[in-house]
>>> print(open('upload-v5.txt').read())   # compact mmCIF, C-alpha atoms
# COMPACT_ATOMS: atom_id res chain seq x y z
CA MET A 621 -23.28 -20.13 -1.73
CA SER A 622 -19.81 -21.29 -0.78
CA GLU A 623 -18.87 -22.56 2.64
CA VAL A 624 -16.90 -20.07 4.72
CA LYS A 625 -14.17 -21.19 7.10
CA LEU A 626 -12.86 -18.80 9.71
CA HIS A 627 -9.33 -19.40 11.01
CA LYS A 628 -8.23 -17.67 14.18
CA VAL A 629 -4.55 -16.91 13.72
CA GLN A 630 -1.88 -15.82 16.12
CA TYR A 631 1.01 -14.27 14.27
CA ARG A 632 4.51 -15.14 15.41
CA LEU A 633 5.39 -11.59 14.38
CA ALA A 634 3.02 -10.23 17.04
CA ARG A 635 4.76 -12.26 19.77
CA GLN A 636 8.24 -11.36 18.53
CA LEU A 637 7.49 -7.65 18.40
CA LYS A 638 6.52 -7.68 22.06
CA SER A 639 9.43 -9.68 23.45
CA GLY A 640 13.17 -9.19 23.97
CA ALA A 641 15.13 -5.96 23.73
CA MET A 642 12.73 -3.30 22.52
CA LEU A 643 13.24 -0.09 20.58
CA SER A 644 11.02 2.93 21.03
CA THR A 645 9.19 3.98 17.87
CA THR A 646 10.98 7.33 18.04
CA THR A 647 14.42 5.65 18.05
CA ALA A 648 13.34 3.25 15.29
CA LEU A 649 12.07 6.06 13.07
CA GLY A 650 15.25 8.03 13.67
CA GLY A 651 17.31 4.96 12.75
CA ALA A 652 15.30 4.40 9.57
CA LYS A 653 15.61 8.03 8.50
CA ASP A 654 19.39 7.97 9.10
CA ARG A 655 19.80 4.83 7.00
CA VAL A 656 17.67 6.19 4.18
CA LYS A 657 19.65 9.45 4.30
CA LYS A 658 22.86 7.47 3.75
CA LEU A 659 21.27 5.78 0.74
CA GLU A 660 20.15 9.07 -0.77
CA PRO A 661 22.96 9.49 -3.35
CA LYS A 662 22.34 5.96 -4.64
CA LEU A 663 18.59 6.50 -4.79
CA LEU A 664 18.98 9.84 -6.56
CA ALA A 665 21.18 8.12 -9.15
CA ALA A 666 18.39 5.56 -9.62
CA ILE A 667 15.90 8.41 -10.14
CA ASP A 668 18.20 9.91 -12.79
CA ASP A 669 18.33 6.53 -14.54
CA GLU A 670 14.53 6.41 -14.58
CA ILE A 671 14.28 9.94 -15.99
CA ALA A 672 16.70 8.91 -18.75
CA ARG A 673 14.52 5.84 -19.43
CA GLN A 674 11.51 8.10 -19.75
CA ASP A 675 13.29 10.16 -22.39
CA VAL A 676 13.84 6.98 -24.40
CA ALA A 677 10.18 6.01 -23.92
CA TYR A 678 9.17 9.51 -25.06
CA GLN A 679 11.12 9.04 -28.28
CA GLU A 680 9.35 5.69 -28.76
CA LEU A 681 6.01 7.44 -28.38
CA GLY A 682 7.12 10.02 -30.95
CA ASN A 683 7.88 7.14 -33.32
CA GLY A 684 4.37 5.76 -32.80
CA GLU A 685 5.46 2.81 -30.62
CA ALA A 686 2.66 2.23 -28.10
CA PHE A 687 4.92 0.13 -25.89
CA GLY A 688 6.64 3.38 -24.91
CA LEU A 689 3.48 4.30 -23.02
CA PHE A 690 3.74 1.21 -20.81
CA ARG A 691 7.47 1.72 -20.29
CA MET A 692 6.98 5.33 -19.30
CA TYR A 693 4.14 4.44 -16.91
CA GLU A 694 6.25 1.77 -15.24
CA SER A 695 9.18 4.11 -14.89
CA ALA A 696 6.99 6.91 -13.47
CA ASN A 697 5.72 4.40 -10.92
CA ARG A 698 9.29 3.60 -9.90
CA VAL A 699 10.10 7.32 -9.54
CA LEU A 700 7.03 7.57 -7.32
CA GLY A 701 8.45 4.81 -5.12
CA LEU A 702 11.94 6.32 -5.00
CA ALA A 703 10.53 9.71 -4.01
CA GLY A 704 10.19 8.18 -0.54
CA ALA A 705 13.98 8.59 -0.28
CA ALA A 706 13.71 12.11 1.15
CA PRO A 707 10.94 14.47 2.27
CA ARG A 708 12.25 17.14 -0.13
CA LEU A 709 11.37 14.79 -3.03
CA ALA A 710 7.66 14.90 -2.18
CA GLY A 711 7.07 17.22 -5.16
CA LEU A 712 8.87 14.77 -7.45
CA GLY A 713 6.58 11.99 -6.21
CA LYS A 714 3.51 14.10 -6.94
CA ALA A 715 4.75 14.92 -10.45
CA ALA A 716 5.40 11.21 -11.09
CA LEU A 717 1.88 10.43 -9.88
CA SER A 718 0.51 13.12 -12.18
CA LEU A 719 2.37 11.54 -15.12
CA CYS A 720 0.92 8.13 -14.19
CA ASP A 721 -2.58 9.67 -14.16
CA LEU A 722 -1.98 11.28 -17.54
CA LEU A 723 -0.71 8.05 -19.12
CA ASP A 724 -3.37 5.90 -17.45
CA GLY A 725 -6.04 8.19 -18.93
CA GLN A 726 -4.78 7.30 -22.44
CA LYS A 727 -6.02 3.72 -21.97
CA GLY A 728 -3.18 2.29 -24.05
CA ALA A 729 -3.45 4.76 -26.95
CA ILE A 730 -0.57 7.07 -27.91
CA PRO A 731 -1.61 10.66 -27.12
CA SER A 732 -2.27 12.77 -30.20
CA ASP A 733 -0.52 15.66 -28.47
CA LEU A 734 2.70 14.70 -26.71
CA ARG A 735 3.33 18.14 -25.21
CA PRO A 736 1.66 17.40 -21.83
CA VAL A 737 3.95 14.37 -21.50
CA ARG A 738 6.99 16.48 -22.36
CA VAL A 739 5.98 19.07 -19.75
CA HIS A 740 5.78 16.31 -17.13
CA LEU A 741 9.22 14.97 -18.02
CA ASP A 742 10.68 18.47 -17.75
CA ALA A 743 8.92 18.95 -14.41
CA LEU A 744 10.41 15.71 -13.06
CA ARG A 745 13.86 16.97 -13.98
CA ILE A 746 13.23 20.28 -12.21
CA LEU A 747 11.71 18.71 -9.09
CA ARG A 748 14.63 16.28 -8.79
CA THR A 749 16.81 19.30 -7.85
CA ASP A 750 16.81 21.11 -4.49
CA LEU A 751 13.92 23.36 -5.48
CA PRO A 752 12.37 25.36 -2.59
CA GLU A 753 8.93 24.09 -1.59
CA ARG A 754 7.21 27.27 -2.80
CA ASP A 755 8.61 26.76 -6.29
CA GLN A 756 7.73 23.06 -6.22
CA LEU A 757 4.11 24.06 -5.64
CA VAL A 758 4.19 26.38 -8.67
CA VAL A 759 5.49 23.53 -10.86
CA LEU A 760 2.85 21.13 -9.50
CA ALA A 761 0.05 23.67 -10.08
CA GLY A 762 1.26 23.95 -13.67
CA LEU A 763 1.11 20.18 -14.10
CA SER A 764 -2.40 20.13 -12.74
CA LYS A 765 -3.43 22.69 -15.37
CA VAL A 766 -1.72 20.72 -18.13
CA ARG A 767 -3.47 17.54 -17.05
CA SER A 768 -6.90 19.10 -16.99
CA HIS A 769 -6.41 20.81 -20.37
CA LYS A 770 -8.62 19.30 -23.04
CA PRO A 771 -7.51 19.79 -26.64
CA GLN A 772 -10.00 21.87 -28.62
CA GLN A 773 -12.17 19.91 -31.02
CA PRO A 774 -11.91 20.99 -34.66
CA GLY A 775 -14.68 23.49 -35.47
CA ALA A 776 -15.39 24.21 -31.79
CA MET B 405 -6.59 7.87 12.87
CA PRO B 406 -4.84 4.68 14.01
CA LEU B 407 -6.67 1.45 13.36
CA VAL B 408 -5.76 0.03 16.75
CA ALA B 409 -6.79 1.67 20.00
CA GLN B 410 -3.34 1.80 21.56
CA PRO B 411 -0.50 1.55 19.05
CA LEU B 412 2.72 -0.01 20.37
CA THR B 413 5.29 2.52 21.48
CA LYS B 414 8.09 -0.05 21.86
CA PHE B 415 8.80 -3.14 19.81
CA ASN B 416 11.46 -5.61 18.75
CA LEU B 417 11.78 -6.50 15.07
CA SER B 418 15.18 -8.17 15.38
CA GLN B 419 13.78 -11.70 15.77
CA SER B 420 11.46 -11.56 12.76
CA ALA B 421 12.20 -12.84 9.29
CA ILE B 422 10.81 -10.54 6.61
CA LEU B 423 10.36 -11.36 2.94
CA LEU B 424 10.57 -8.34 0.65
CA LEU B 425 9.35 -8.94 -2.90
CA GLU B 426 10.33 -5.93 -4.99
CA HIS B 427 11.41 -5.85 -8.62
CA SER B 428 13.40 -2.62 -8.43
CA ASN B 429 16.80 -2.93 -6.72
CA ALA B 430 16.80 0.74 -5.74
CA GLU B 431 13.39 0.43 -4.06
CA GLN B 432 14.60 -2.76 -2.34
CA ASP B 433 17.49 -0.74 -0.92
CA LEU B 434 15.08 1.95 0.25
CA TYR B 435 12.70 -0.43 2.07
CA CYS B 436 15.58 -2.48 3.50
CA GLY B 437 17.10 0.75 4.84
CA MET B 438 13.85 1.43 6.65
CA LEU B 439 13.51 -2.13 7.98
CA PHE B 440 17.10 -2.25 9.24
CA GLY B 441 16.56 1.14 10.83
CA PHE B 442 13.55 -0.34 12.69
CA GLY B 443 15.94 -2.95 14.12
CA GLY B 444 15.18 -5.67 11.58
CA LYS B 445 18.09 -8.06 10.97
CA ASN B 446 16.71 -10.77 8.76
CA VAL B 447 15.34 -9.53 5.43
CA HIS B 448 15.07 -11.90 2.46
CA ARG B 449 15.17 -9.82 -0.71
CA CYS B 450 13.41 -11.32 -3.74
CA THR B 451 12.92 -9.79 -7.16
CA THR B 452 10.55 -12.31 -8.73
CA ARG B 453 7.39 -14.09 -7.71
CA ALA B 454 8.98 -17.51 -8.23
CA GLU B 455 11.99 -16.62 -6.10
CA ALA B 456 9.68 -15.40 -3.32
CA LEU B 457 7.66 -18.66 -3.33
CA VAL B 458 10.88 -20.69 -3.03
CA THR B 459 12.05 -18.47 -0.16
CA LEU B 460 8.71 -18.87 1.62
CA ALA B 461 8.97 -22.64 1.37
CA ALA B 462 12.60 -22.73 2.54
CA HIS B 463 12.52 -20.27 5.46
CA GLN B 464 10.26 -19.51 8.36
CA ILE B 465 9.03 -16.07 7.36
CA ASP B 466 7.06 -13.84 9.73
CA LEU B 467 6.04 -10.93 7.52
CA VAL B 468 5.71 -10.42 3.77
CA ILE B 469 6.11 -7.03 2.12
CA VAL B 470 5.28 -7.07 -1.58
CA ASP B 471 5.14 -4.47 -4.34
CA ALA B 472 1.96 -4.65 -6.40
CA GLN B 473 3.95 -4.02 -9.56
CA LEU B 474 6.59 -6.61 -10.36
CA GLY B 475 8.77 -6.87 -13.45
CA PRO B 476 7.36 -6.81 -17.00
CA ASP B 477 8.03 -10.55 -17.39
CA ASP B 478 6.44 -11.47 -14.07
CA GLU B 479 2.89 -11.59 -12.80
CA ASP B 480 1.94 -8.84 -10.38
CA GLY B 481 2.03 -8.78 -6.58
CA TYR B 482 -1.72 -9.49 -6.39
CA ALA B 483 -1.25 -12.83 -8.17
CA PHE B 484 1.60 -13.65 -5.80
CA VAL B 485 -0.54 -13.03 -2.70
CA GLN B 486 -3.45 -15.02 -4.13
CA GLU B 487 -1.12 -17.93 -4.90
CA MET B 488 0.37 -17.76 -1.41
CA ARG B 489 -3.07 -17.67 0.23
CA ARG B 490 -4.30 -20.65 -1.82
CA SER B 491 -1.12 -22.70 -1.29
CA GLY B 492 -2.50 -24.70 1.64
CA THR B 493 0.93 -24.45 3.26
CA SER B 494 2.19 -23.16 6.59
CA PHE B 495 2.85 -19.76 5.01
CA ALA B 496 -0.61 -19.35 3.50
CA PHE B 497 -1.92 -17.08 6.27
CA LEU B 498 1.16 -14.91 6.88
CA PRO B 499 0.64 -11.18 7.37
CA VAL B 500 1.13 -9.25 4.12
CA VAL B 501 1.71 -5.54 3.55
CA MET B 502 1.32 -4.47 -0.09
CA ILE B 503 3.05 -1.42 -1.52
CA THR B 504 1.29 0.17 -4.46
CA GLY B 505 2.33 2.91 -6.84
CA HIS B 506 -0.23 4.75 -8.97
CA THR B 507 -3.39 3.43 -7.40
CA PRO B 508 -6.81 3.90 -8.95
CA GLY B 509 -9.65 2.97 -6.56
CA SER B 510 -10.21 -0.29 -8.43
CA GLN B 511 -6.68 -1.39 -7.58
CA ILE B 512 -7.22 -0.82 -3.86
CA THR B 513 -10.27 -3.07 -4.05
CA PHE B 514 -8.23 -5.55 -6.07
CA ALA B 515 -5.44 -5.52 -3.47
CA ARG B 516 -7.92 -6.01 -0.65
CA ASP B 517 -9.59 -8.88 -2.51
CA SER B 518 -6.25 -10.56 -3.18
CA GLY B 519 -5.91 -11.14 0.57
CA VAL B 520 -3.43 -8.55 1.85
CA HIS B 521 -3.63 -7.14 5.37
CA PHE B 522 -2.72 -3.56 4.55
CA VAL B 523 -2.00 -1.46 1.49
CA VAL B 524 0.61 1.30 1.63
CA ARG B 525 0.77 3.87 -1.13
CA LYS B 526 4.06 5.06 -2.58
CA PRO B 527 6.05 7.07 -1.78
CA VAL B 528 6.41 5.07 1.42
CA SER B 529 7.65 6.98 4.45
CA PRO B 530 9.31 5.18 7.39
CA GLY B 531 6.48 6.34 9.67
CA VAL B 532 3.71 4.78 7.59
CA LEU B 533 5.58 1.51 7.02
CA LEU B 534 6.32 1.12 10.73
CA GLU B 535 2.74 1.96 11.67
CA ARG B 536 1.37 -0.78 9.39
CA ILE B 537 3.83 -3.36 10.74
CA LEU B 538 2.85 -2.53 14.30
CA TRP B 539 -0.86 -2.66 13.43
CA ILE B 540 -0.37 -6.25 12.34
CA ALA B 541 1.00 -7.04 15.80
CA GLN B 542 -2.34 -6.01 17.24
CA GLU B 543 -4.49 -7.51 14.52
CA ALA B 544 -7.34 -9.67 15.66
CA ARG B 545 -9.01 -10.31 12.31
CA PRO B 546 -9.53 -13.98 11.53
CA ILE B 547 -8.53 -15.40 8.16
CA VAL B 548 -11.56 -16.06 5.99
CA GLU B 549 -11.39 -18.96 3.56
CA CYS B 550 -14.09 -19.49 0.94
CA ASP B 551 -14.35 -20.17 -2.79
CA GLY B 552 -13.75 -16.60 -3.89
CA TYR B 553 -11.40 -15.32 -1.22
CA VAL B 554 -8.69 -16.29 1.23
CA GLY B 555 -7.33 -13.58 3.48
CA PRO B 556 -7.95 -11.46 6.54
CA ASP B 557 -11.57 -10.62 7.28
CA ARG B 558 -12.37 -7.64 5.05
CA ARG B 559 -14.99 -6.32 7.45
CA PHE B 560 -13.14 -3.86 9.63
CA GLN B 561 -16.38 -2.51 11.04
CA ARG B 562 -19.41 -4.38 12.32
CA MET B 563 -21.83 -3.22 9.65
CA GLY B 564 -23.53 -6.51 8.94
CA PRO B 565 -23.68 -8.25 5.56
CA PRO B 566 -23.76 -6.18 2.33
CA GLN B 567 -27.19 -4.69 1.53
CA GLY B 568 -29.56 -7.16 -0.06
CA MET B 569 -27.36 -10.15 0.83
CA PRO B 570 -28.22 -12.75 3.41
CA GLY B 571 -25.50 -13.08 6.01
CA ARG B 572 -23.25 -16.14 6.01
CA ARG B 573 -22.15 -15.92 9.62
CA SER B 574 -23.83 -17.15 12.73
CA ASP B 575 -23.78 -13.65 14.27
CA ASP B 576 -25.15 -11.86 11.18
CA MET B 577 -28.51 -10.23 11.93
CA PRO B 578 -31.34 -10.43 9.37
CA GLU B 579 -32.13 -7.22 7.47
CA GLU B 580 -35.82 -7.21 8.45
CA LEU B 581 -36.77 -5.88 11.84
CA GLY B 582 -38.85 -8.26 13.87
CA ASP B 583 -41.93 -7.42 15.94
CA PRO B 584 -41.27 -5.60 19.23
CA GLU B 585 -40.87 -7.90 22.20
CA GLY B 586 -42.93 -5.76 24.57
CA PRO B 587 -44.96 -2.54 24.72
CA ASP B 588 -43.31 0.72 23.62
CA LEU B 589 -41.64 2.73 26.36
CA HIS B 590 -43.39 5.85 27.64
CA GLN B 591 -41.58 9.16 27.16
CA ASP B 592 -40.94 9.35 30.94
CA GLU B 593 -39.18 6.01 30.82
CA ILE B 594 -37.07 7.09 27.85
CA ASP B 595 -36.18 10.36 29.63
CA GLN B 596 -35.11 8.40 32.66
CA LEU B 597 -32.83 6.28 30.54
CA MET B 598 -31.29 9.39 28.99
CA GLN B 599 -30.87 11.24 32.31
CA PRO B 600 -29.48 8.78 34.80
CA LYS B 601 -29.66 10.01 38.40
CA ARG B 602 -26.94 9.75 41.00
CA VAL B 603 -27.45 6.84 43.34
CA SER B 604 -26.58 7.48 46.99
CA GLN B 605 -24.18 4.92 48.45
>>> encode(input="upload-v5.txt", output="structure tokens")
Amino acid sequence: MSEVKLHKVQYRLARQLKSGAMLSTTTALGGAKDRVKKLEPKLLAAIDDEIARQDVAYQELGNGEAFGLFRMYESANRVLGLAGAAPRLAGLGKAALSLCDLLDGQKGAIPSDLRPVRVHLDALRILRTDLPERDQLVVLAGLSKVRSHKPQQPGA
Amino acid sequence: MPLVAQPLTKFNLSQSAILLLEHSNAEQDLYCGMLFGFGGKNVHRCTTRAEALVTLAAHQIDLVIVDAQLGPDDEDGYAFVQEMRRSGTSFAFLPVVMITGHTPGSQITFARDSGVHFVVRKPVSPGVLLERILWIAQEARPIVECDGYVGPDRRFQRMGPPQGMPGRRSDDMPEELGDPEGPDLHQDEIDQLMQPKRVSQ
């Protein structure tokens, strides 16, 4: 069994956070939200770029190129991160997560039926708009159904 | 539920140098927006693992924020944290917050075992990011260094060593219960312990 060393550490960050001119957490959160709000157009443009990349990756999948699966997964992960840009994009984040789940479940193999992937890409496009929350939930419920759908086995 | 008993309600991030390792420029902008909003002034933005290691060596960094997923030509954020922890340098034990995207349970375990302090799932909200940064300020976990792991103590709760394993710490209790040290208490004595009576002063 290996030797274990325990180091007691005192982080400089901890000292710095508690000294000098302080901000209240409420002010800090307000400041962060304002800054992110100003970035929103840029971040939405980045989301659009990712959705376009996913279309290219989808075509690659259609051509039997397995690398498209990895590219689409990576891009969906980035959309998931960018969905933090605004609370109204929460649905978009969930759809991106659903696409990641779907692709991860393929374990590197190109899906025999690409329709569930297509439905996810269309959903991302819809949820990127200013869709009311109620309608976002309908789209997300649809994705959940698509994800849980198992293709029928021949002769079943 | 907050991890610390009394989270800070006021803080000052303006004196701290933060390293942000994030492959995507747009996500860098997003997290920088949050950090500047929190009053941060000194954020070193890095897009690759190699760039981040050079920055760590050249600047006195106080906090590292790293995305688990780096570019396709780079190793991932886990490898970066492991390399940092094993570096034997002044930055080896820095506090690290890891941001993860699609996160199967195995990846959370992987992140924890790479030596990060906290894992934050995407999409990251300002509230969650700030909460994790402030938790670090009140962290009291020692850094554990052994053959298989370098990082903050992974035992958040005092639950003893894993089942079937002998403890490796001086304060680990053995699994087996020893013999009682004295006679069993009578029910009256137990009742008295459970129903303390007021003592006149």
>>> interface_residues(input="upload-v5.txt", of="chain A", to="chain B", cutoff="6 Å", atoms="only C-alpha atoms", output="VMD selection string")
chain A and resid 622 to 628 633 to 634 637 to 638 642 to 645 648 651 to 652 655 to 656 697 700 to 701 703 to 704
>>> atom_distance(input="upload-v5.txt", atom1="CA of Val676 in chain A", atom2="CA of Ser695 in chain A")
11.0 Å
>>> atom_distance(input="upload-v5.txt", atom1="CA of Tyr482 in chain B", atom2="CA of Glu694 in chain A")
16.4 Å
>>> atom_distance(input="upload-v5.txt", atom1="CA of Ala716 in chain A", atom2="CA of Leu744 in chain A")
7.0 Å
>>> residues_around(input="upload-v5.txt", residues="Arg673 in chain A", least_positions_apart="3", cutoff="12 Å", atoms="all atoms listed in the file", output="PyMOL selection string")
chain A and resi 666-670+676-680+688-696+698-699+741
>>> residues_around(input="upload-v5.txt", residues="range 752-762 of chain A", least_positions_apart="3", cutoff="7 Å", atoms="all atoms listed in the file", output="list in words")
Gly711, Ala715, Ala743, Leu747, Lys765 and Val766 of chain A
>>> build_atoms(input="upload-v5.txt", residues="range 453-481 of chain B", atoms="N, CA and C atoms", output="PDB file, keeping the file's coordinate frame")
ATOM      1  N   ARG B 453       8.434 -13.347  -8.409  1.00  0.00           N
ATOM      2  CA  ARG B 453       7.390 -14.090  -7.710  1.00  0.00           C
ATOM      3  C   ARG B 453       7.877 -15.516  -7.399  1.00  0.00           C
ATOM      4  N   ALA B 454       8.512 -16.124  -8.393  1.00  0.00           N
ATOM      5  CA  ALA B 454       8.980 -17.510  -8.230  1.00  0.00           C
ATOM      6  C   ALA B 454      10.021 -17.600  -7.125  1.00  0.00           C
ATOM      7  N   GLU B 455      10.929 -16.651  -7.113  1.00  0.00           N
ATOM      8  CA  GLU B 455      11.990 -16.620  -6.100  1.00  0.00           C
ATOM      9  C   GLU B 455      11.357 -16.471  -4.703  1.00  0.00           C
ATOM     10  N   ALA B 456      10.340 -15.647  -4.621  1.00  0.00           N
ATOM     11  CA  ALA B 456       9.680 -15.400  -3.320  1.00  0.00           C
ATOM     12  C   ALA B 456       8.985 -16.680  -2.827  1.00  0.00           C
ATOM     13  N   LEU B 457       8.359 -17.424  -3.742  1.00  0.00           N
ATOM     14  CA  LEU B 457       7.660 -18.660  -3.330  1.00  0.00           C
ATOM     15  C   LEU B 457       8.664 -19.703  -2.823  1.00  0.00           C
ATOM     16  N   VAL B 458       9.828 -19.762  -3.481  1.00  0.00           N
ATOM     17  CA  VAL B 458      10.880 -20.690  -3.030  1.00  0.00           C
ATOM     18  C   VAL B 458      11.374 -20.271  -1.649  1.00  0.00           C
ATOM     19  N   THR B 459      11.573 -18.988  -1.454  1.00  0.00           N
ATOM     20  CA  THR B 459      12.050 -18.470  -0.160  1.00  0.00           C
ATOM     21  C   THR B 459      11.036 -18.776   0.944  1.00  0.00           C
ATOM     22  N   LEU B 460       9.765 -18.596   0.623  1.00  0.00           N
ATOM     23  CA  LEU B 460       8.710 -18.870   1.620  1.00  0.00           C
ATOM     24  C   LEU B 460       8.729 -20.336   2.051  1.00  0.00           C
ATOM     25  N   ALA B 461       8.969 -21.204   1.077  1.00  0.00           N
ATOM     26  CA  ALA B 461       8.970 -22.640   1.370  1.00  0.00           C
ATOM     27  C   ALA B 461      10.221 -23.046   2.158  1.00  0.00           C
ATOM     28  N   ALA B 462      11.327 -22.320   1.940  1.00  0.00           N
ATOM     29  CA  ALA B 462      12.600 -22.730   2.540  1.00  0.00           C
ATOM     30  C   ALA B 462      12.872 -22.094   3.905  1.00  0.00           C
ATOM     31  N   HIS B 463      12.240 -20.976   4.200  1.00  0.00           N
ATOM     32  CA  HIS B 463      12.520 -20.270   5.460  1.00  0.00           C
ATOM     33  C   HIS B 463      11.240 -20.009   6.236  1.00  0.00           C
ATOM     34  N   GLN B 464      11.412 -19.866   7.544  1.00  0.00           N
ATOM     35  CA  GLN B 464      10.260 -19.510   8.360  1.00  0.00           C
ATOM     36  C   GLN B 464      10.119 -17.981   8.350  1.00  0.00           C
ATOM     37  N   ILE B 465       9.218 -17.518   7.537  1.00  0.00           N
ATOM     38  CA  ILE B 465       9.030 -16.070   7.360  1.00  0.00           C
ATOM     39  C   ILE B 465       7.919 -15.595   8.295  1.00  0.00           C
ATOM     40  N   ASP B 466       8.068 -14.368   8.806  1.00  0.00           N
ATOM     41  CA  ASP B 466       7.060 -13.840   9.730  1.00  0.00           C
ATOM     42  C   ASP B 466       6.226 -12.709   9.130  1.00  0.00           C
ATOM     43  N   LEU B 467       6.759 -12.062   8.120  1.00  0.00           N
ATOM     44  CA  LEU B 467       6.040 -10.930   7.520  1.00  0.00           C
ATOM     45  C   LEU B 467       6.438 -10.838   6.047  1.00  0.00           C
ATOM     46  N   VAL B 468       5.445 -10.574   5.203  1.00  0.00           N
ATOM     47  CA  VAL B 468       5.710 -10.420   3.770  1.00  0.00           C
ATOM     48  C   VAL B 468       5.395  -8.982   3.374  1.00  0.00           C
ATOM     49  N   ILE B 469       6.346  -8.361   2.685  1.00  0.00           N
ATOM     50  CA  ILE B 469       6.110  -7.030   2.120  1.00  0.00           C
ATOM     51  C   ILE B 469       6.268  -7.173   0.612  1.00  0.00           C
ATOM     52  N   VAL B 470       5.256  -6.806  -0.135  1.00  0.00           N
ATOM     53  CA  VAL B 470       5.280  -7.070  -1.580  1.00  0.00           C
ATOM     54  C   VAL B 470       4.829  -5.837  -2.361  1.00  0.00           C
ATOM     55  N   ASP B 471       5.540  -5.569  -3.450  1.00  0.00           N
ATOM     56  CA  ASP B 471       5.140  -4.470  -4.340  1.00  0.00           C
ATOM     57  C   ASP B 471       4.060  -5.009  -5.283  1.00  0.00           C
ATOM     58  N   ALA B 472       3.035  -4.207  -5.504  1.00  0.00           N
ATOM     59  CA  ALA B 472       1.960  -4.650  -6.400  1.00  0.00           C
ATOM     60  C   ALA B 472       2.463  -4.810  -7.825  1.00  0.00           C
ATOM     61  N   GLN B 473       3.447  -3.987  -8.186  1.00  0.00           N
ATOM     62  CA  GLN B 473       3.950  -4.020  -9.560  1.00  0.00           C
ATOM     63  C   GLN B 473       5.288  -4.740  -9.588  1.00  0.00           C
ATOM     64  N   LEU B 474       5.329  -5.888 -10.230  1.00  0.00           N
ATOM     65  CA  LEU B 474       6.590  -6.610 -10.360  1.00  0.00           C
ATOM     66  C   LEU B 474       7.136  -6.377 -11.779  1.00  0.00           C
ATOM     67  N   GLY B 475       8.137  -7.119 -12.147  1.00  0.00           N
ATOM     68  CA  GLY B 475       8.770  -6.870 -13.450  1.00  0.00           C
ATOM     69  C   GLY B 475       7.850  -7.135 -14.621  1.00  0.00           C
ATOM     70  N   PRO B 476       8.223  -6.632 -15.830  1.00  0.00           N
ATOM     71  CA  PRO B 476       7.360  -6.810 -17.000  1.00  0.00           C
ATOM     72  C   PRO B 476       7.172  -8.270 -17.402  1.00  0.00           C
ATOM     73  N   ASP B 477       8.136  -9.133 -17.010  1.00  0.00           N
ATOM     74  CA  ASP B 477       8.030 -10.550 -17.390  1.00  0.00           C
ATOM     75  C   ASP B 477       7.400 -11.397 -16.288  1.00  0.00           C
ATOM     76  N   ASP B 478       6.964 -10.742 -15.225  1.00  0.00           N
ATOM     77  CA  ASP B 478       6.440 -11.470 -14.070  1.00  0.00           C
ATOM     78  C   ASP B 478       4.955 -11.134 -13.916  1.00  0.00           C
ATOM     79  N   GLU B 479       4.251 -11.975 -13.159  1.00  0.00           N
ATOM     80  CA  GLU B 479       2.890 -11.590 -12.800  1.00  0.00           C
ATOM     81  C   GLU B 479       2.984 -10.532 -11.709  1.00  0.00           C
ATOM     82  N   ASP B 480       1.854  -9.930 -11.354  1.00  0.00           N
ATOM     83  CA  ASP B 480       1.940  -8.840 -10.380  1.00  0.00           C
ATOM     84  C   ASP B 480       1.885  -9.365  -8.938  1.00  0.00           C
ATOM     85  N   GLY B 481       2.027  -8.430  -8.001  1.00  0.00           N
ATOM     86  CA  GLY B 481       2.030  -8.780  -6.580  1.00  0.00           C
ATOM     87  C   GLY B 481       0.698  -9.365  -6.120  1.00  0.00           C
TER      88      GLY B 481
END
